[in-house]
$ cat input_5.cif   # mmCIF, C-alpha atoms and all ligand atoms; chains and numbers go by the auth columns
data_upload
#
loop_
_atom_site.group_PDB
_atom_site.id
_atom_site.type_symbol
_atom_site.label_atom_id
_atom_site.label_comp_id
_atom_site.label_asym_id
_atom_site.label_seq_id
_atom_site.Cartn_x
_atom_site.Cartn_y
_atom_site.Cartn_z
_atom_site.B_iso_or_equiv
_atom_site.auth_seq_id
_atom_site.auth_asym_id
ATOM 1 C CA MET A 1 -4.505 9.575 11.548 0.00 1 U
ATOM 2 C CA SER A 2 -8.017 9.048 10.192 0.00 2 U
ATOM 3 C CA PHE A 3 -9.110 8.672 6.607 0.00 3 U
ATOM 4 C CA ASP A 4 -12.776 8.526 7.651 0.00 4 U
ATOM 5 C CA ARG A 5 -13.638 11.932 6.208 0.00 5 U
ATOM 6 C CA LEU A 6 -11.999 11.054 2.907 0.00 6 U
ATOM 7 C CA ALA A 7 -13.619 7.649 2.604 0.00 7 U
ATOM 8 C CA PRO A 8 -16.755 8.732 0.662 0.00 8 U
ATOM 9 C CA HIS A 9 -14.588 10.557 -1.875 0.00 9 U
ATOM 10 C CA TYR A 10 -11.521 8.356 -2.199 0.00 10 U
ATOM 11 C CA THR A 11 -12.363 6.456 -5.391 0.00 11 U
ATOM 12 C CA TRP A 12 -13.689 9.352 -7.437 0.00 12 U
ATOM 13 C CA MET A 13 -10.765 11.536 -6.332 0.00 13 U
ATOM 14 C CA GLU A 14 -8.281 8.890 -7.420 0.00 14 U
ATOM 15 C CA ARG A 15 -10.039 8.506 -10.784 0.00 15 U
ATOM 16 C CA ALA A 16 -10.166 12.254 -11.363 0.00 16 U
ATOM 17 C CA LEU A 17 -6.572 12.945 -10.327 0.00 17 U
ATOM 18 C CA ALA A 18 -4.709 9.831 -11.426 0.00 18 U
ATOM 19 C CA GLY A 19 -6.958 7.843 -13.778 0.00 19 U
ATOM 20 C CA PRO A 20 -5.756 4.215 -13.946 0.00 20 U
ATOM 21 C CA ARG A 21 -2.147 5.000 -12.945 0.00 21 U
ATOM 22 C CA LEU A 22 -2.281 3.995 -9.282 0.00 22 U
ATOM 23 C CA GLN A 23 -4.091 0.734 -9.976 0.00 23 U
ATOM 24 C CA ARG A 24 -1.496 -0.038 -12.648 0.00 24 U
ATOM 25 C CA CYS A 25 1.180 0.361 -9.964 0.00 25 U
ATOM 26 C CA ARG A 26 -0.694 -1.766 -7.429 0.00 26 U
ATOM 27 C CA THR A 27 -1.077 -4.632 -9.880 0.00 27 U
ATOM 28 C CA THR A 28 2.312 -4.426 -11.621 0.00 28 U
ATOM 29 C CA TRP A 29 3.678 -7.504 -9.801 0.00 29 U
ATOM 30 C CA LEU A 30 0.369 -9.231 -9.087 0.00 30 U
ATOM 31 C CA GLU A 31 1.373 -12.358 -11.010 0.00 31 U
ATOM 32 C CA GLU A 32 4.318 -12.803 -8.637 0.00 32 U
ATOM 33 C CA LEU A 33 1.798 -13.783 -5.967 0.00 33 U
ATOM 34 C CA ALA A 34 0.863 -16.981 -7.803 0.00 34 U
ATOM 35 C CA GLY A 35 1.196 -19.838 -5.319 0.00 35 U
ATOM 36 C CA CYS A 36 0.841 -17.626 -2.230 0.00 36 U
ATOM 37 C CA ARG A 37 -1.755 -19.076 0.117 0.00 37 U
ATOM 38 C CA ARG A 38 -2.083 -16.338 2.761 0.00 38 U
ATOM 39 C CA LEU A 39 -1.811 -12.645 1.987 0.00 39 U
ATOM 40 C CA LEU A 40 -1.908 -9.573 4.185 0.00 40 U
ATOM 41 C CA ILE A 41 -2.906 -6.203 2.741 0.00 41 U
ATOM 42 C CA ALA A 42 -2.081 -3.330 5.104 0.00 42 U
ATOM 43 C CA GLY A 43 -3.952 -0.051 4.693 0.00 43 U
ATOM 44 C CA VAL A 44 -6.323 -1.673 2.199 0.00 44 U
ATOM 45 C CA GLY A 45 -8.250 1.572 1.623 0.00 45 U
ATOM 46 C CA HIS A 46 -11.102 1.196 -0.870 0.00 46 U
ATOM 47 C CA GLY A 47 -9.862 -2.278 -1.786 0.00 47 U
ATOM 48 C CA HIS A 48 -8.929 -1.805 -5.433 0.00 48 U
ATOM 49 C CA PHE A 49 -5.903 -4.060 -5.056 0.00 49 U
ATOM 50 C CA LEU A 50 -7.817 -6.490 -2.859 0.00 50 U
ATOM 51 C CA ALA A 51 -10.508 -6.907 -5.533 0.00 51 U
ATOM 52 C CA ALA A 52 -7.943 -7.529 -8.286 0.00 52 U
ATOM 53 C CA CYS A 53 -5.991 -9.927 -6.110 0.00 53 U
ATOM 54 C CA ALA A 54 -9.023 -11.862 -4.887 0.00 54 U
ATOM 55 C CA ARG A 55 -10.317 -12.240 -8.462 0.00 55 U
ATOM 56 C CA ARG A 56 -6.961 -13.406 -9.786 0.00 56 U
ATOM 57 C CA PHE A 57 -6.350 -15.866 -6.911 0.00 57 U
ATOM 58 C CA PRO A 58 -9.792 -17.229 -6.061 0.00 58 U
ATOM 59 C CA THR A 59 -8.641 -19.575 -3.280 0.00 59 U
ATOM 60 C CA ALA A 60 -6.034 -17.398 -1.539 0.00 60 U
ATOM 61 C CA GLU A 61 -6.871 -16.363 2.030 0.00 61 U
ATOM 62 C CA ILE A 62 -6.559 -12.615 2.222 0.00 62 U
ATOM 63 C CA THR A 63 -6.493 -10.524 5.385 0.00 63 U
ATOM 64 C CA SER A 64 -7.070 -6.800 4.939 0.00 64 U
ATOM 65 C CA VAL A 65 -6.424 -4.329 7.717 0.00 65 U
ATOM 66 C CA ASP A 66 -7.259 -0.646 7.867 0.00 66 U
ATOM 67 C CA ALA A 67 -7.525 1.937 10.629 0.00 67 U
ATOM 68 C CA SER A 68 -10.552 3.567 9.004 0.00 68 U
ATOM 69 C CA ALA A 69 -13.883 1.753 9.353 0.00 69 U
ATOM 70 C CA PRO A 70 -15.485 3.517 6.345 0.00 70 U
ATOM 71 C CA MET A 71 -12.472 2.729 4.143 0.00 71 U
ATOM 72 C CA LEU A 72 -12.613 -0.903 5.238 0.00 72 U
ATOM 73 C CA ALA A 73 -16.370 -1.009 4.608 0.00 73 U
ATOM 74 C CA ALA A 74 -15.804 0.241 1.048 0.00 74 U
ATOM 75 C CA ALA A 75 -13.183 -2.475 0.518 0.00 75 U
ATOM 76 C CA ARG A 76 -15.601 -5.089 1.808 0.00 76 U
ATOM 77 C CA VAL A 77 -18.375 -3.940 -0.567 0.00 77 U
ATOM 78 C CA ARG A 78 -16.015 -3.888 -3.541 0.00 78 U
ATOM 79 C CA ALA A 79 -14.667 -7.368 -2.737 0.00 79 U
ATOM 80 C CA ARG A 80 -18.138 -8.810 -2.179 0.00 80 U
ATOM 81 C CA ARG A 81 -19.213 -7.473 -5.597 0.00 81 U
ATOM 82 C CA SER A 82 -16.268 -8.774 -7.555 0.00 82 U
ATOM 83 C CA ALA A 83 -14.417 -11.568 -5.741 0.00 83 U
ATOM 84 C CA PRO A 84 -15.449 -15.220 -5.594 0.00 84 U
ATOM 85 C CA ASN A 85 -15.509 -17.126 -2.252 0.00 85 U
ATOM 86 C CA PHE A 86 -16.020 -14.095 -0.049 0.00 86 U
ATOM 87 C CA SER A 87 -15.654 -16.126 3.167 0.00 87 U
ATOM 88 C CA ARG A 88 -11.872 -16.529 2.684 0.00 88 U
ATOM 89 C CA LEU A 89 -11.491 -12.739 2.939 0.00 89 U
ATOM 90 C CA GLU A 90 -10.905 -11.318 6.412 0.00 90 U
ATOM 91 C CA PHE A 91 -11.345 -7.644 7.286 0.00 91 U
ATOM 92 C CA ILE A 92 -9.717 -6.211 10.388 0.00 92 U
ATOM 93 C CA HIS A 93 -10.404 -2.732 11.682 0.00 93 U
ATOM 94 C CA ALA A 94 -7.154 -1.890 13.472 0.00 94 U
ATOM 95 C CA SER A 95 -4.246 0.464 13.437 0.00 95 U
ATOM 96 C CA LEU A 96 -0.625 -0.470 12.792 0.00 96 U
ATOM 97 C CA PRO A 97 1.776 -0.799 14.486 0.00 97 U
ATOM 98 C CA ALA A 98 -0.447 -1.271 17.571 0.00 98 U
ATOM 99 C CA TRP A 99 -2.206 -4.164 15.821 0.00 99 U
ATOM 100 C CA GLN A 100 0.070 -7.173 16.009 0.00 100 U
ATOM 101 C CA PRO A 101 -0.655 -9.753 13.313 0.00 101 U
ATOM 102 C CA PRO A 102 0.200 -13.396 13.971 0.00 102 U
ATOM 103 C CA ALA A 103 3.909 -14.085 13.487 0.00 103 U
ATOM 104 C CA ALA A 104 5.301 -15.725 10.322 0.00 104 U
ATOM 105 C CA GLN A 105 1.879 -16.500 8.856 0.00 105 U
ATOM 106 C CA PHE A 106 1.765 -14.674 5.543 0.00 106 U
ATOM 107 C CA ASP A 107 3.298 -15.653 2.207 0.00 107 U
ATOM 108 C CA ALA A 108 2.985 -12.094 0.979 0.00 108 U
ATOM 109 C CA ILE A 109 2.484 -8.581 2.311 0.00 109 U
ATOM 110 C CA ALA A 110 1.057 -5.766 0.202 0.00 110 U
ATOM 111 C CA THR A 111 1.356 -2.098 1.085 0.00 111 U
ATOM 112 C CA HIS A 112 0.144 0.236 -1.625 0.00 112 U
ATOM 113 C CA PHE A 113 0.255 3.991 -1.049 0.00 113 U
ATOM 114 C CA PHE A 114 0.332 3.216 2.659 0.00 114 U
ATOM 115 C CA LEU A 115 3.923 3.489 3.912 0.00 115 U
ATOM 116 C CA ASP A 116 4.117 7.080 2.664 0.00 116 U
ATOM 117 C CA CYS A 117 1.627 8.028 5.401 0.00 117 U
ATOM 118 C CA PHE A 118 4.214 7.474 8.163 0.00 118 U
ATOM 119 C CA ALA A 119 6.975 9.627 9.600 0.00 119 U
ATOM 120 C CA PRO A 120 10.346 7.831 9.957 0.00 120 U
ATOM 121 C CA GLU A 121 10.023 6.465 13.538 0.00 121 U
ATOM 122 C CA GLU A 122 6.507 5.173 13.064 0.00 122 U
ATOM 123 C CA LEU A 123 7.424 3.778 9.657 0.00 123 U
ATOM 124 C CA ALA A 124 10.173 1.681 11.251 0.00 124 U
ATOM 125 C CA ARG A 125 7.668 0.209 13.703 0.00 125 U
ATOM 126 C CA VAL A 126 5.119 -0.509 10.969 0.00 126 U
ATOM 127 C CA VAL A 127 7.684 -2.250 8.731 0.00 127 U
ATOM 128 C CA LEU A 128 8.938 -4.306 11.678 0.00 128 U
ATOM 129 C CA THR A 129 5.395 -5.368 12.604 0.00 129 U
ATOM 130 C CA LEU A 130 4.570 -6.411 9.046 0.00 130 U
ATOM 131 C CA ALA A 131 7.919 -8.146 8.516 0.00 131 U
ATOM 132 C CA ARG A 132 7.319 -10.242 11.634 0.00 132 U
ATOM 133 C CA ALA A 133 3.983 -11.367 10.188 0.00 133 U
ATOM 134 C CA ALA A 134 5.689 -12.515 6.973 0.00 134 U
ATOM 135 C CA ARG A 135 6.966 -16.052 6.472 0.00 135 U
ATOM 136 C CA PRO A 136 10.742 -16.460 6.042 0.00 136 U
ATOM 137 C CA SER A 137 10.383 -16.712 2.242 0.00 137 U
ATOM 138 C CA ALA A 138 7.684 -14.058 1.885 0.00 138 U
ATOM 139 C CA LYS A 139 7.197 -11.512 -0.892 0.00 139 U
ATOM 140 C CA TRP A 140 6.310 -7.884 -0.346 0.00 140 U
ATOM 141 C CA LEU A 141 4.489 -5.843 -2.980 0.00 141 U
ATOM 142 C CA LEU A 142 4.757 -2.147 -2.460 0.00 142 U
ATOM 143 C CA SER A 143 3.766 0.877 -4.475 0.00 143 U
ATOM 144 C CA ASP A 144 4.285 4.447 -3.478 0.00 144 U
ATOM 145 C CA PHE A 145 5.116 7.967 -4.465 0.00 145 U
ATOM 146 C CA ALA A 146 8.781 8.883 -4.766 0.00 146 U
ATOM 147 C CA VAL A 147 11.071 11.800 -5.520 0.00 147 U
ATOM 148 C CA PRO A 148 13.603 10.985 -8.272 0.00 148 U
ATOM 149 C CA GLU A 149 17.204 11.281 -7.068 0.00 149 U
ATOM 150 C CA GLU A 150 18.532 12.967 -10.178 0.00 150 U
ATOM 151 C CA ARG A 151 18.237 16.720 -10.262 0.00 151 U
ATOM 152 C CA GLY A 152 16.092 18.151 -13.042 0.00 152 U
ATOM 153 C CA TRP A 153 12.540 18.941 -13.981 0.00 153 U
ATOM 154 C CA ALA A 154 11.219 15.449 -13.015 0.00 154 U
ATOM 155 C CA ARG A 155 12.513 15.952 -9.470 0.00 155 U
ATOM 156 C CA GLN A 156 11.055 19.460 -9.297 0.00 156 U
ATOM 157 C CA ARG A 157 7.738 18.173 -10.598 0.00 157 U
ATOM 158 C CA ALA A 158 7.646 15.314 -8.062 0.00 158 U
ATOM 159 C CA ARG A 159 8.543 17.687 -5.226 0.00 159 U
ATOM 160 C CA ALA A 160 5.709 20.036 -6.170 0.00 160 U
ATOM 161 C CA ILE A 161 3.222 17.142 -6.326 0.00 161 U
ATOM 162 C CA HIS A 162 4.412 15.748 -2.975 0.00 162 U
ATOM 163 C CA ALA A 163 4.135 19.167 -1.344 0.00 163 U
ATOM 164 C CA THR A 164 0.551 19.494 -2.613 0.00 164 U
ATOM 165 C CA MET A 165 -0.362 15.974 -1.448 0.00 165 U
ATOM 166 C CA TYR A 166 0.981 16.398 2.064 0.00 166 U
ATOM 167 C CA ALA A 167 -0.554 19.868 2.345 0.00 167 U
ATOM 168 C CA PHE A 168 -3.886 18.178 1.620 0.00 168 U
ATOM 169 C CA PHE A 169 -3.552 14.900 3.575 0.00 169 U
ATOM 170 C CA ARG A 170 -1.984 16.317 6.748 0.00 170 U
ATOM 171 C CA PRO A 171 -4.985 18.454 7.827 0.00 171 U
ATOM 172 C CA ILE A 172 -7.718 16.295 6.244 0.00 172 U
ATOM 173 C CA ALA A 173 -6.503 12.823 7.277 0.00 173 U
ATOM 174 C CA GLY A 174 -4.167 13.712 10.130 0.00 174 U
ATOM 175 C CA VAL A 175 -1.163 12.251 8.307 0.00 175 U
ATOM 176 C CA GLN A 176 1.892 12.932 10.477 0.00 176 U
ATOM 177 C CA ALA A 177 4.530 12.544 7.766 0.00 177 U
ATOM 178 C CA ARG A 178 5.794 15.675 6.034 0.00 178 U
ATOM 179 C CA ARG A 179 7.444 13.818 3.195 0.00 179 U
ATOM 180 C CA VAL A 180 7.946 10.309 1.865 0.00 180 U
ATOM 181 C CA THR A 181 10.509 8.265 3.777 0.00 181 U
ATOM 182 C CA PRO A 182 11.860 5.527 1.512 0.00 182 U
ATOM 183 C CA PRO A 183 11.369 2.225 3.367 0.00 183 U
ATOM 184 C CA ASP A 184 14.181 0.465 1.450 0.00 184 U
ATOM 185 C CA GLU A 185 16.724 0.278 4.273 0.00 185 U
ATOM 186 C CA LEU A 186 14.057 -0.851 6.721 0.00 186 U
ATOM 187 C CA LEU A 187 13.003 -3.662 4.395 0.00 187 U
ATOM 188 C CA ARG A 188 16.624 -4.693 3.876 0.00 188 U
ATOM 189 C CA GLY A 189 17.037 -4.692 7.647 0.00 189 U
ATOM 190 C CA GLN A 190 14.245 -7.282 7.819 0.00 190 U
ATOM 191 C CA GLY A 191 15.948 -9.521 5.274 0.00 191 U
ATOM 192 C CA PHE A 192 14.070 -8.402 2.158 0.00 192 U
ATOM 193 C CA ALA A 193 15.859 -7.650 -1.110 0.00 193 U
ATOM 194 C CA LEU A 194 14.532 -5.567 -3.977 0.00 194 U
ATOM 195 C CA ALA A 195 13.780 -8.021 -6.786 0.00 195 U
ATOM 196 C CA ARG A 196 11.999 -5.729 -9.263 0.00 196 U
ATOM 197 C CA ARG A 197 11.160 -2.046 -9.380 0.00 197 U
ATOM 198 C CA GLN A 198 9.118 -0.299 -12.041 0.00 198 U
ATOM 199 C CA THR A 199 8.975 3.466 -12.008 0.00 199 U
ATOM 200 C CA SER A 200 6.462 5.543 -13.930 0.00 200 U
ATOM 201 C CA GLU A 201 5.289 9.114 -14.309 0.00 201 U
ATOM 202 C CA TRP A 202 8.878 10.344 -14.630 0.00 202 U
ATOM 203 C CA GLY A 203 9.883 8.779 -11.338 0.00 203 U
ATOM 204 C CA LEU A 204 6.874 9.992 -9.345 0.00 204 U
ATOM 205 C CA LEU A 205 5.517 6.465 -8.833 0.00 205 U
ATOM 206 C CA HIS A 206 7.186 3.161 -8.205 0.00 206 U
ATOM 207 C CA ALA A 207 5.963 -0.406 -7.928 0.00 207 U
ATOM 208 C CA ASP A 208 8.279 -2.809 -6.115 0.00 208 U
ATOM 209 C CA LEU A 209 8.606 -6.511 -5.578 0.00 209 U
ATOM 210 C CA TRP A 210 10.713 -7.376 -2.521 0.00 210 U
ATOM 211 C CA THR A 211 11.577 -10.949 -1.666 0.00 211 U
ATOM 212 C CA ARG A 212 13.075 -12.676 1.364 0.00 212 U
ATOM 213 C CA GLY A 213 14.805 -15.970 1.726 0.00 213 U
HETATM 214 C C1 LIG B . -3.494 6.686 1.175 0.00 1 D
HETATM 215 S S1 LIG B . -4.611 5.442 1.640 0.00 1 D
HETATM 216 C C2 LIG B . -4.167 4.112 0.560 0.00 1 D
HETATM 217 C C3 LIG B . -5.224 3.074 0.468 0.00 1 D
HETATM 218 C C4 LIG B . -4.955 1.912 -0.494 0.00 1 D
HETATM 219 N N1 LIG B . -3.898 1.048 -0.048 0.00 1 D
HETATM 220 C C5 LIG B . -4.698 2.382 -1.886 0.00 1 D
HETATM 221 O O1 LIG B . -3.822 1.831 -2.550 0.00 1 D
HETATM 222 O O2 LIG B . -5.437 3.274 -2.345 0.00 1 D
HETATM 223 C C6 LIG B . -3.963 4.898 3.177 0.00 1 D
HETATM 224 C C7 LIG B . -4.853 3.909 3.890 0.00 1 D
HETATM 225 O O3 LIG B . -4.161 3.449 5.036 0.00 1 D
HETATM 226 C C8 LIG B . -5.033 3.500 6.156 0.00 1 D
HETATM 227 N N2 LIG B . -4.196 3.747 7.339 0.00 1 D
HETATM 228 C C9 LIG B . -3.549 4.888 7.666 0.00 1 D
HETATM 229 N N3 LIG B . -2.845 4.732 8.797 0.00 1 D
HETATM 230 C C10 LIG B . -3.056 3.451 9.180 0.00 1 D
HETATM 231 C C11 LIG B . -2.581 2.689 10.272 0.00 1 D
HETATM 232 N N4 LIG B . -1.760 3.218 11.190 0.00 1 D
HETATM 233 N N5 LIG B . -2.972 1.389 10.364 0.00 1 D
HETATM 234 C C12 LIG B . -3.808 0.850 9.435 0.00 1 D
HETATM 235 N N6 LIG B . -4.284 1.537 8.387 0.00 1 D
HETATM 236 C C13 LIG B . -3.918 2.828 8.255 0.00 1 D
HETATM 237 C C14 LIG B . -5.987 4.628 5.867 0.00 1 D
HETATM 238 O O4 LIG B . -7.191 4.515 6.604 0.00 1 D
HETATM 239 C C15 LIG B . -6.161 4.482 4.364 0.00 1 D
HETATM 240 O O5 LIG B . -7.224 3.617 4.057 0.00 1 D
#

$ encode --input "input_5.cif" --output "structure tokens"
Amino acid sequence: MSFDRLAPHYTWMERALAGPRLQRCRTTWLEELAGCRRLLIAGVGHGHFLAACARRFPTAEITSVDASAPMLAAARVRARRSAPNFSRLEFIHASLPAWQPPAAQFDAIATHFFLDCFAPEELARVVLTLARAARPSAKWLLSDFAVPEERGWARQRARAIHATMYAFFRPIAGVQARRVTPPDELLRGQGFALARRQTSEWGLLHADLWTRG
């Protein structure tokens, strides 16, 4: 999987196709991170969440990891422009789940529009790797695309949008997944419980807060 080719276009594409909707999802539960000292953002992409988070919590130590060097570079530029105390921000060019973060170090994990890139087996390994890096009482902020369970036009609409997205991302970014695999059972298996969930766009998007301990 490589988002390198998409990196120069990622921000303008998001703005054109989704306006502020994805950033609204990413930051829905931002305030819940108050008091967290060490944060890990997996698949940081262009760093829109990182910038918001680093501005809101100017002393938090934030580690961002991404498999794409150009995506990570864009996140670094954005954070340097907008976040105070740049030296507390760490950027790691690595691929999960091969990259093994230090165990039980992070008060919070954030995965925004990241877990939907993985097919079920790989997803299980990624969730396990990130859960191991989380402290026993950690929080996990997650936003992603979803397909509403109830039959009807909202489900049909979401299915059509998902099909279009995967048809685009599979050849361009080498995404292996063919559809979204909900990570809920995997998170529960690692001791996390769903504390809050906000859905939007008729069930197409959801923003979750998961807590452990
Ligand atoms: C769909 S983008 C989402 C980026 C960002 N989180 C956002 O909210 O816009 C997925 C990101 O995950 C990164 N990525 C994909 N597979 C990865 C992996 N196995 N390990 C680390 N990063 C990965 C990609 O390079 C890309 O930046």

$ resolve_selection --input "input_5.cif" --expression "the PyMOL selection byres (((not hetatm)) within 6 of (chain D and resi 1))" --output "number ranges by chain"
U: 1-3, 43-45, 66-68, 71, 94-96, 112-114

$ write_last_selection --input "input_5.cif" --atoms "C-alpha atoms" --output "JSON list (two decimals), in the coordinates of the input"
[["chain", "number", "residue", "atom", "x", "y", "z"],
["U", 1, "MET", "CA", -4.50, 9.57, 11.55],
["U", 2, "SER", "CA", -8.02, 9.05, 10.19],
["U", 3, "PHE", "CA", -9.11, 8.67, 6.61],
["U", 43, "GLY", "CA", -3.95, -0.05, 4.69],
["U", 44, "VAL", "CA", -6.32, -1.67, 2.20],
["U", 45, "GLY", "CA", -8.25, 1.57, 1.62],
["U", 66, "ASP", "CA", -7.26, -0.65, 7.87],
["U", 67, "ALA", "CA", -7.52, 1.94, 10.63],
["U", 68, "SER", "CA", -10.55, 3.57, 9.00],
["U", 71, "MET", "CA", -12.47, 2.73, 4.14],
["U", 94, "ALA", "CA", -7.15, -1.89, 13.47],
["U", 95, "SER", "CA", -4.25, 0.46, 13.44],
["U", 96, "LEU", "CA", -0.62, -0.47, 12.79],
["U", 112, "HIS", "CA", 0.14, 0.24, -1.62],
["U", 113, "PHE", "CA", 0.26, 3.99, -1.05],
["U", 114, "PHE", "CA", 0.33, 3.22, 2.66]]

$ closest_residue --input "input_5.cif" --among "U:Gly19, U:Gly191, U:Gly152, U:Pro120" --to "Arg179 (chain U)" --atoms "only C-alpha atoms"
U:Pro120

$ closest_residue --input "input_5.cif" --among "U:Thr63, U:Ser143, U:Thr111, U:Gln105" --to "Ile92 (chain U)" --atoms "all atoms listed in the file"
U:Thr63

$ atom_distance --input "input_5.cif" --atom1 "CA of Leu204 (chain U)" --atom2 "CA of Gly174 (chain U)"
22.7 Å

$ resolve_selection --input "input_5.cif" --expression "the PyMOL selection byres (((chain U and resi 183) around 9) and not hetatm)" --output "MDAnalysis selection string"
chainID U and resid 115:116 120 123:124 127 180:182 184:188

$ atom_distance --input "input_5.cif" --atom1 "CA of His93 (chain U)" --atom2 "CA of Lys139 (chain U)"
23.3 Å

$ closest_atom_pairs --input "input_5.cif" --of "region 124-200 of chain U" --to "region 5-14 of chain U" --cutoff "10 Å" --atoms "all atoms listed in the file" --output "JSON lines"
{"residue": "U:Phe169", "atom": "CA", "partner": "U:Leu6", "partner_atom": "CA", "distance": 9.3}
{"residue": "U:Ile172", "atom": "CA", "partner": "U:Arg5", "partner_atom": "CA", "distance": 7.4}
{"residue": "U:Ala173", "atom": "CA", "partner": "U:Leu6", "partner_atom": "CA", "distance": 7.2}

$ write_last_selection --input "input_5.cif" --atoms "C-alpha atoms" --output "PDB file, keeping the file's coordinate frame"
ATOM      1  CA  PHE U 169      -3.552  14.900   3.575  1.00  0.00           C
ATOM      2  CA  ILE U 172      -7.718  16.295   6.244  1.00  0.00           C
ATOM      3  CA  ALA U 173      -6.503  12.823   7.277  1.00  0.00           C
TER       4      ALA U 173
END

$ residues_around --input "input_5.cif" --residues "Pro102 (chain U)" --least-positions-apart "4" --cutoff "12 Å" --atoms "all atoms listed in the file" --output "list of chain:residue names"
U:Arg38, U:Leu40, U:Thr63, U:Phe106, U:Thr129, U:Leu130, U:Ala131, U:Arg132, U:Ala133, U:Ala134, U:Arg135

$ atom_distance --input "input_5.cif" --atom1 "CA of Phe192 (chain U)" --atom2 "CA of Ala138 (chain U)"
8.5 Å
